[in-house]
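Enquirer: For reference, the file coords21.cif (mmCIF, C-alpha atoms) is included below:
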```cif
data_model
#
loop_
_atom_site.label_atom_id
_atom_site.label_comp_id
_atom_site.auth_asym_id
_atom_site.auth_seq_id
_atom_site.Cartn_x
_atom_site.Cartn_y
_atom_site.Cartn_z
CA MET A 1 -22.59 -10.79 -21.64
CA THR A 2 -19.37 -8.86 -21.30
CA ALA A 3 -19.36 -5.20 -22.26
CA GLY A 4 -17.25 -4.11 -25.21
CA THR A 5 -13.50 -3.98 -25.09
CA SER A 6 -13.64 -0.19 -25.28
CA THR A 7 -15.39 -0.11 -21.87
CA LEU A 8 -12.72 -2.36 -20.40
CA THR A 9 -9.91 -0.43 -22.05
CA SER A 10 -11.27 2.80 -20.59
CA ALA A 11 -11.52 1.22 -17.16
CA LEU A 12 -7.90 0.10 -17.38
CA GLU A 13 -6.67 3.63 -18.04
CA GLU A 14 -6.57 4.49 -14.34
CA TYR A 15 -4.29 1.60 -13.54
CA ARG A 16 -2.19 1.96 -16.70
CA GLU A 17 -1.25 5.45 -15.56
CA VAL A 18 -0.04 4.02 -12.24
CA LEU A 19 1.99 1.34 -14.01
CA GLN A 20 3.52 3.84 -16.41
CA ILE A 21 5.03 5.72 -13.46
CA ASP A 22 7.02 2.55 -12.72
CA GLY A 23 7.90 2.09 -16.40
CA ALA A 24 5.39 -0.64 -17.26
CA ASP A 25 2.10 -0.84 -19.10
CA LEU A 26 -0.88 -3.10 -19.70
CA GLU A 27 -2.46 -4.33 -22.88
CA LEU A 28 -5.87 -5.93 -23.28
CA THR A 29 -5.30 -9.05 -25.36
CA GLY A 30 -8.68 -10.72 -25.23
CA VAL A 31 -12.04 -11.24 -23.56
CA ASP A 32 -13.62 -14.64 -23.46
CA ALA A 33 -16.78 -15.51 -21.54
CA GLY A 34 -16.11 -13.07 -18.71
CA ILE A 35 -12.41 -13.82 -18.58
CA VAL A 36 -10.24 -10.83 -19.41
CA HIS A 37 -6.74 -11.51 -20.68
CA LEU A 38 -4.14 -8.80 -20.18
CA ARG A 39 -0.45 -8.57 -20.92
CA LEU A 40 1.92 -6.74 -18.62
CA ILE A 41 4.45 -4.86 -20.69
CA VAL A 42 7.85 -4.33 -19.16
CA GLY A 43 10.92 -2.79 -20.74
CA PRO A 44 14.58 -2.48 -19.89
CA ASP A 45 13.87 0.59 -17.74
CA THR A 46 10.94 -0.91 -15.83
CA CYS A 47 11.29 -1.17 -12.08
CA THR A 48 9.96 -4.73 -11.99
CA ASP A 49 9.93 -4.83 -8.18
CA CYS A 50 7.76 -1.73 -8.18
CA ILE A 51 4.95 -3.55 -9.99
CA LEU A 52 2.50 -5.55 -7.90
CA SER A 53 2.99 -9.29 -7.89
CA LYS A 54 0.93 -11.17 -10.50
CA PRO A 55 -1.66 -12.41 -7.97
CA MET A 56 -2.11 -8.94 -6.44
CA LEU A 57 -2.25 -7.40 -9.90
CA GLU A 58 -4.99 -9.82 -10.95
CA THR A 59 -6.95 -9.18 -7.77
CA ILE A 60 -6.93 -5.41 -8.09
CA LEU A 61 -7.56 -5.45 -11.85
CA LEU A 62 -10.53 -7.74 -11.33
CA ASP A 63 -11.88 -5.12 -8.93
CA VAL A 64 -11.27 -2.34 -11.46
CA LEU A 65 -12.83 -4.21 -14.37
CA GLN A 66 -15.81 -5.58 -12.44
CA GLU A 67 -16.71 -2.01 -11.56
CA ALA A 68 -16.88 -1.21 -15.26
CA ASP A 69 -18.51 -4.49 -16.23
CA PRO A 70 -20.01 -6.81 -13.62
CA ALA A 71 -19.90 -9.67 -16.16
CA VAL A 72 -16.13 -9.91 -15.76
CA THR A 73 -15.40 -12.95 -13.59
CA LEU A 74 -11.66 -13.41 -13.88
CA VAL A 75 -8.59 -11.49 -14.94
CA VAL A 76 -5.56 -13.33 -16.24
CA VAL A 77 -2.35 -11.35 -16.61
CA ASP A 78 0.41 -12.61 -18.87
CA ASP A 79 3.34 -11.51 -16.73
CA PRO A 80 6.74 -11.67 -18.43
CA ARG A 81 8.45 -11.35 -15.04
CA SER A 82 7.56 -14.96 -14.33
CA ALA A 83 9.86 -16.00 -17.19
CA LEU A 84 12.81 -13.95 -15.90
CA MET B 85 -2.87 -42.15 2.50
CA SER B 86 -0.67 -39.05 2.44
CA LEU B 87 -1.85 -35.50 2.02
CA ILE B 88 -0.45 -33.39 -0.76
CA THR B 89 -0.60 -29.62 -0.37
CA VAL B 90 -0.68 -27.79 -3.68
CA LEU B 91 0.55 -24.20 -3.61
CA ARG B 92 -0.82 -22.18 -6.51
CA PRO B 93 1.22 -19.08 -7.27
CA ASP B 94 -1.27 -18.17 -10.01
CA LYS B 95 -4.22 -18.02 -7.61
CA PRO B 96 -5.63 -14.50 -7.20
CA ALA B 97 -4.23 -12.94 -4.05
CA GLU B 98 -6.31 -12.94 -0.95
CA ILE B 99 -5.95 -9.50 0.55
CA PRO B 100 -5.41 -9.99 4.28
CA GLY B 101 -8.64 -9.55 6.17
CA SER B 102 -10.64 -8.96 3.01
CA GLY B 103 -14.32 -9.45 3.40
CA PRO B 104 -17.61 -7.71 3.01
CA ALA B 105 -17.77 -6.22 6.49
CA PRO B 106 -15.67 -3.10 7.12
CA HIS B 107 -13.27 -3.49 10.01
CA PRO B 108 -12.84 -0.59 12.47
CA ALA B 109 -9.43 1.02 12.86
CA ALA B 110 -7.68 0.86 16.23
CA VAL B 111 -9.13 3.04 18.94
CA ARG B 112 -6.90 6.00 19.73
CA THR B 113 -6.19 6.11 23.45
CA PRO B 114 -3.74 8.18 25.53
CA ILE B 115 -0.15 7.10 24.89
CA PRO B 116 1.65 5.94 28.03
CA ASP B 117 5.10 7.16 28.99
CA GLY B 118 7.96 5.02 27.70
CA SER B 119 6.12 3.95 24.56
CA VAL B 120 7.64 2.41 21.43
CA LEU B 121 7.08 3.77 17.94
CA THR B 122 7.82 1.18 15.25
CA LEU B 123 8.71 2.12 11.68
CA ILE B 124 8.07 -0.40 8.93
CA ASP B 125 10.67 0.46 6.30
CA ASN B 126 9.87 -1.13 2.96
CA GLY B 127 13.41 -0.71 1.68
CA LYS B 128 12.62 1.77 -1.08
CA SER B 129 15.22 4.41 -1.73
CA HIS B 130 14.82 7.17 0.90
CA ALA B 131 12.16 5.18 2.81
CA LYS B 132 14.22 4.70 5.95
CA ILE B 133 15.46 8.30 5.85
CA VAL B 134 11.92 9.64 5.47
CA LEU B 135 10.59 7.43 8.25
CA GLU B 136 13.41 8.39 10.60
CA MET B 137 12.80 12.08 9.88
CA VAL B 138 9.11 11.54 10.55
CA ALA B 139 9.89 9.71 13.79
CA GLU B 140 12.08 12.59 14.91
CA GLN B 141 9.17 15.00 14.37
CA VAL B 142 6.66 12.66 16.01
CA MET B 143 8.84 12.29 19.11
CA LYS B 144 8.93 16.08 19.50
CA ARG B 145 5.14 16.12 19.44
CA ILE B 146 4.51 12.96 21.48
CA PRO B 147 7.12 12.97 24.26
CA GLN B 148 5.71 9.75 25.73
CA ILE B 149 7.53 7.93 22.90
CA THR B 150 10.99 7.11 24.13
CA THR B 151 12.03 4.34 21.76
CA VAL B 152 11.92 3.97 17.99
CA GLU B 153 12.27 0.51 16.47
CA ILE B 154 12.66 -0.19 12.77
CA LEU B 155 11.67 -3.27 10.81
CA SER B 156 13.25 -3.21 7.36
CA LYS B 157 11.43 -5.51 4.97
CA THR B 158 13.42 -7.63 2.54
CA SER B 159 11.23 -6.48 -0.34
CA ALA B 160 8.92 -3.51 -0.82
CA GLY B 161 6.49 -5.84 -2.54
CA LEU B 162 5.96 -7.97 0.57
CA ILE B 163 3.48 -7.57 3.40
CA VAL B 164 4.56 -8.10 7.01
CA THR B 165 3.76 -11.63 8.12
CA ASP B 166 1.17 -12.31 10.80
CA ALA B 167 3.95 -13.38 13.17
CA GLN B 168 5.94 -10.20 12.55
CA ALA B 169 2.85 -8.04 12.98
CA ARG B 170 1.85 -9.70 16.26
CA ASP B 171 5.39 -9.47 17.60
CA ILE B 172 5.66 -5.77 16.76
CA ALA B 173 2.13 -5.07 18.02
CA SER B 174 2.95 -6.69 21.36
CA ARG B 175 5.48 -3.97 22.20
CA SER B 176 4.53 -0.96 20.06
CA ALA B 177 2.14 1.87 20.86
CA LEU B 178 2.21 3.32 17.35
CA VAL B 179 3.32 2.20 13.88
CA ILE B 180 4.26 4.17 10.76
CA THR B 181 4.77 2.40 7.43
CA GLY B 182 6.26 3.58 4.14
CA LEU B 183 7.45 4.80 1.86
CA GLY B 184 4.90 4.30 -0.89
CA ASP B 185 6.84 5.61 -3.85
CA CYS B 186 5.73 2.93 -6.33
CA GLY B 187 2.66 0.80 -7.00
CA ALA B 188 3.70 -2.33 -5.14
CA CYS B 189 5.29 -0.61 -2.17
CA SER B 190 2.38 1.81 -1.67
CA SER B 191 -0.09 -1.06 -1.68
CA CYS B 192 1.93 -3.28 0.63
CA SER B 193 2.76 -0.47 3.08
CA THR B 194 -0.94 0.38 3.27
CA LEU B 195 -1.82 -3.26 3.94
CA ASP B 196 0.88 -3.29 6.62
CA ALA B 197 -0.66 -0.27 8.36
CA ILE B 198 -4.11 -1.84 8.17
CA ALA B 199 -2.76 -5.08 9.67
CA PHE B 200 -1.61 -3.13 12.75
CA GLU B 201 -4.91 -1.27 13.01
CA LYS B 202 -6.66 -4.63 13.09
CA LEU B 203 -4.38 -5.68 15.92
CA GLY B 204 -5.41 -2.57 17.85
CA ILE B 205 -2.29 -0.50 17.18
CA PRO B 206 -2.83 2.99 15.72
CA ALA B 207 -0.90 3.26 12.48
CA THR B 208 -0.48 5.39 9.44
CA VAL B 209 1.13 5.02 6.03
CA ILE B 210 3.15 7.50 4.01
CA ILE B 211 2.70 7.27 0.26
CA THR B 212 3.21 9.53 -2.75
CA ASP B 213 0.43 11.17 -4.70
CA PRO B 214 0.07 9.01 -7.85
CA PHE B 215 -0.82 5.97 -5.77
CA VAL B 216 -3.70 7.37 -3.71
CA GLY B 217 -6.39 5.76 -5.87
CA LEU B 218 -4.62 2.39 -5.94
CA VAL B 219 -4.19 2.16 -2.18
CA GLU B 220 -7.81 3.19 -1.66
CA ARG B 221 -8.79 0.08 -3.60
CA PHE B 222 -6.54 -2.10 -1.45
CA ALA B 223 -7.84 -0.52 1.75
CA LYS B 224 -11.40 -1.28 0.67
CA LYS B 225 -10.44 -4.85 -0.18
CA ALA B 226 -8.82 -5.20 3.24
CA GLY B 227 -11.98 -4.07 4.99
CA MET B 228 -10.98 -0.49 5.78
CA PRO B 229 -12.50 1.67 3.04
CA GLY B 230 -11.33 5.26 3.23
CA TYR B 231 -8.29 4.36 5.33
CA HIS B 232 -6.19 7.46 5.88
CA THR B 233 -2.88 8.00 4.12
CA VAL B 234 -0.30 10.74 4.44
CA VAL B 235 0.65 11.93 0.99
CA LEU B 236 3.97 13.32 -0.21
CA PRO B 237 4.80 14.39 -3.78
CA HIS B 238 6.22 11.78 -6.14
CA PRO B 239 9.01 10.87 -6.52
CA MET B 240 10.72 11.01 -3.14
CA ALA B 241 13.59 8.71 -4.08
CA THR B 242 15.53 11.29 -6.08
CA ARG B 243 15.07 14.36 -3.90
CA PRO B 244 17.96 15.90 -1.95
CA ASP B 245 17.85 15.33 1.81
CA ALA B 246 17.19 19.01 2.58
CA GLU B 247 14.09 18.97 0.41
CA VAL B 248 12.93 15.68 1.93
CA ARG B 249 13.37 17.15 5.40
CA ALA B 250 11.26 20.19 4.50
CA LEU B 251 8.51 18.01 3.04
CA VAL B 252 8.54 15.75 6.10
CA ALA B 253 8.23 18.75 8.40
CA GLY B 254 5.12 19.67 6.48
CA ILE B 255 3.38 16.35 7.13
CA ALA B 256 4.43 15.82 10.75
CA ASP B 257 1.29 17.29 12.29
CA GLU B 258 -0.89 15.16 10.03
CA VAL B 259 1.05 12.00 10.92
CA VAL B 260 0.58 12.73 14.62
CA ALA B 261 -3.10 13.48 14.10
CA HIS B 262 -3.64 10.17 12.31
CA LEU B 263 -1.94 8.33 15.14
CA THR B 264 -3.74 10.08 17.97
CA ALA B 265 -6.99 11.70 16.84
CA PRO B 266 -10.29 9.86 16.38
CA VAL B 267 -10.35 8.09 13.02
CA GLY B 268 -11.88 10.22 10.28
CA ALA B 269 -11.28 13.48 12.14
CA VAL B 270 -8.18 14.44 10.18
CA GLU B 271 -8.15 16.47 6.97
CA ARG B 272 -5.58 15.43 4.38
CA THR B 273 -2.78 17.89 3.71
CA LEU B 274 -1.10 17.61 0.34
CA VAL B 275 2.37 18.95 1.03
CA GLY B 276 4.10 20.07 -2.13
CA VAL B 277 1.69 18.07 -4.27
CA LEU B 278 0.62 19.96 -7.38
#
```
What does this structure look like when you write it as structure tokens?

Expert:
Amino acid sequence: MTAGTSTLTSALEEYREVLQIDGADLELTGVDAGIVHLRLIVGPDTCTDCILSKPMLETILLDVLQEADPAVTLVVVDDPRSAL
Amino acid sequence: MSLITVLRPDKPAEIPGSGPAPHPAAVRTPIPDGSVLTLIDNGKSHAKIVLEMVAEQVMKRIPQITTVEILSKTSAGLIVTDAQARDIASRSALVITGLGDCGACSSCSTLDAIAFEKLGIPATVIITDPFVGLVERFAKKAGMPGYHTVVLPHPMATRPDAEVRALVAGIADEVVAHLTAPVGAVERTLVGVL
């Protein structure tokens, strides 16, 4: 069973702070059977090249979230850069 | 029957060399005369300037280095390819990567440095302070937990050259120590980092 969203949200804080330096942010949009869905938030002032690629982002966030909750098996990031 | 190769851009990234077993860094040995120092410039603003200033300081401290080569990457969010790394490793005694002034570039420059360590070339990476925790995660994933980094204050991109030069002078000894001293023997100096 996956821990509560508050545990995951707390775990994400560390990486959100890093993203905010580059003008981006992350939002937890859902948790379903060990799969954590996140949305990368970018704005007009975001340095999009400064943000890790979607695959690297998902890899490192899986590491971050599994530390907080070993039941997390996959992280899926909705990355608006892929639509640009 | 033909073979179809499916490339999945959505697949979680495989960090080069990632695996459960930690990989040792390159052994530091005496540097021969006429050696090459290679700088891996990630293209971030001020990266090349910082690396060239660092190289200038390193050459004063390691006179065996007579040549400095620079590889400028096409994107700070890319990692050097295996072919590039092997080519550079074949003629370099030491490698310095940087400048980690954002999340992607810090991570990729750290993975670049680790790639050279795995090829037996002593390396170090210059990043800025907010990204220390992030690159530690990548170093662990790449099989070198606790990999050393040289840390400058963030941001470097907007600082005047005179200030950059002063900050670089403050890290030069640490850079040289990382490149020449036994791994793990160097204390981190936080120059100008609050």

Enquirer: Kindly resolve the PyMOL selection byres ((chain B and resi 230) around 12) on the present coordinates and return the residues as an MDAnalysis selection string.

Expert: chainID B and resid 106:109 194 198 216:229 231:233 267:268 270 272

Enquirer: Tell me, as a list in words, which residues lie within 9 Å of range 34-43 of chain A, counting all atoms listed in the file; anything in the same chain fewer than 4 positions away does not count.

Expert: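 Within the cut-off, the hits are Met1, Thr2, Leu8, Gly23, Ala24, Asp25, Leu26, Glu27, Leu28, Thr29, Gly30, Cys47, Thr48, Leu62, Leu65, Pro70, Ala71, Val72, Thr73, Leu74, Val75, Val76, Val77, Asp78, Asp79, Pro80 and Arg81 of chain A.
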
Enquirer: Output as a ChimeraX atom specification the set of chain A residues within 6 Å of chain B, with distances taken over only C-alpha atoms.

Expert: /A:50-52,55-56,59

Enquirer: How far is it from CA of Val64 in chain A to CA of Gly4 in chain A, in Å with one decimal?

Expert: 15.1 Å

Enquirer: Quick one: distance from CA of Thr208 in chain B to CA of Val234 in chain B in Å, one decimal?

Expert: 7.3 Å
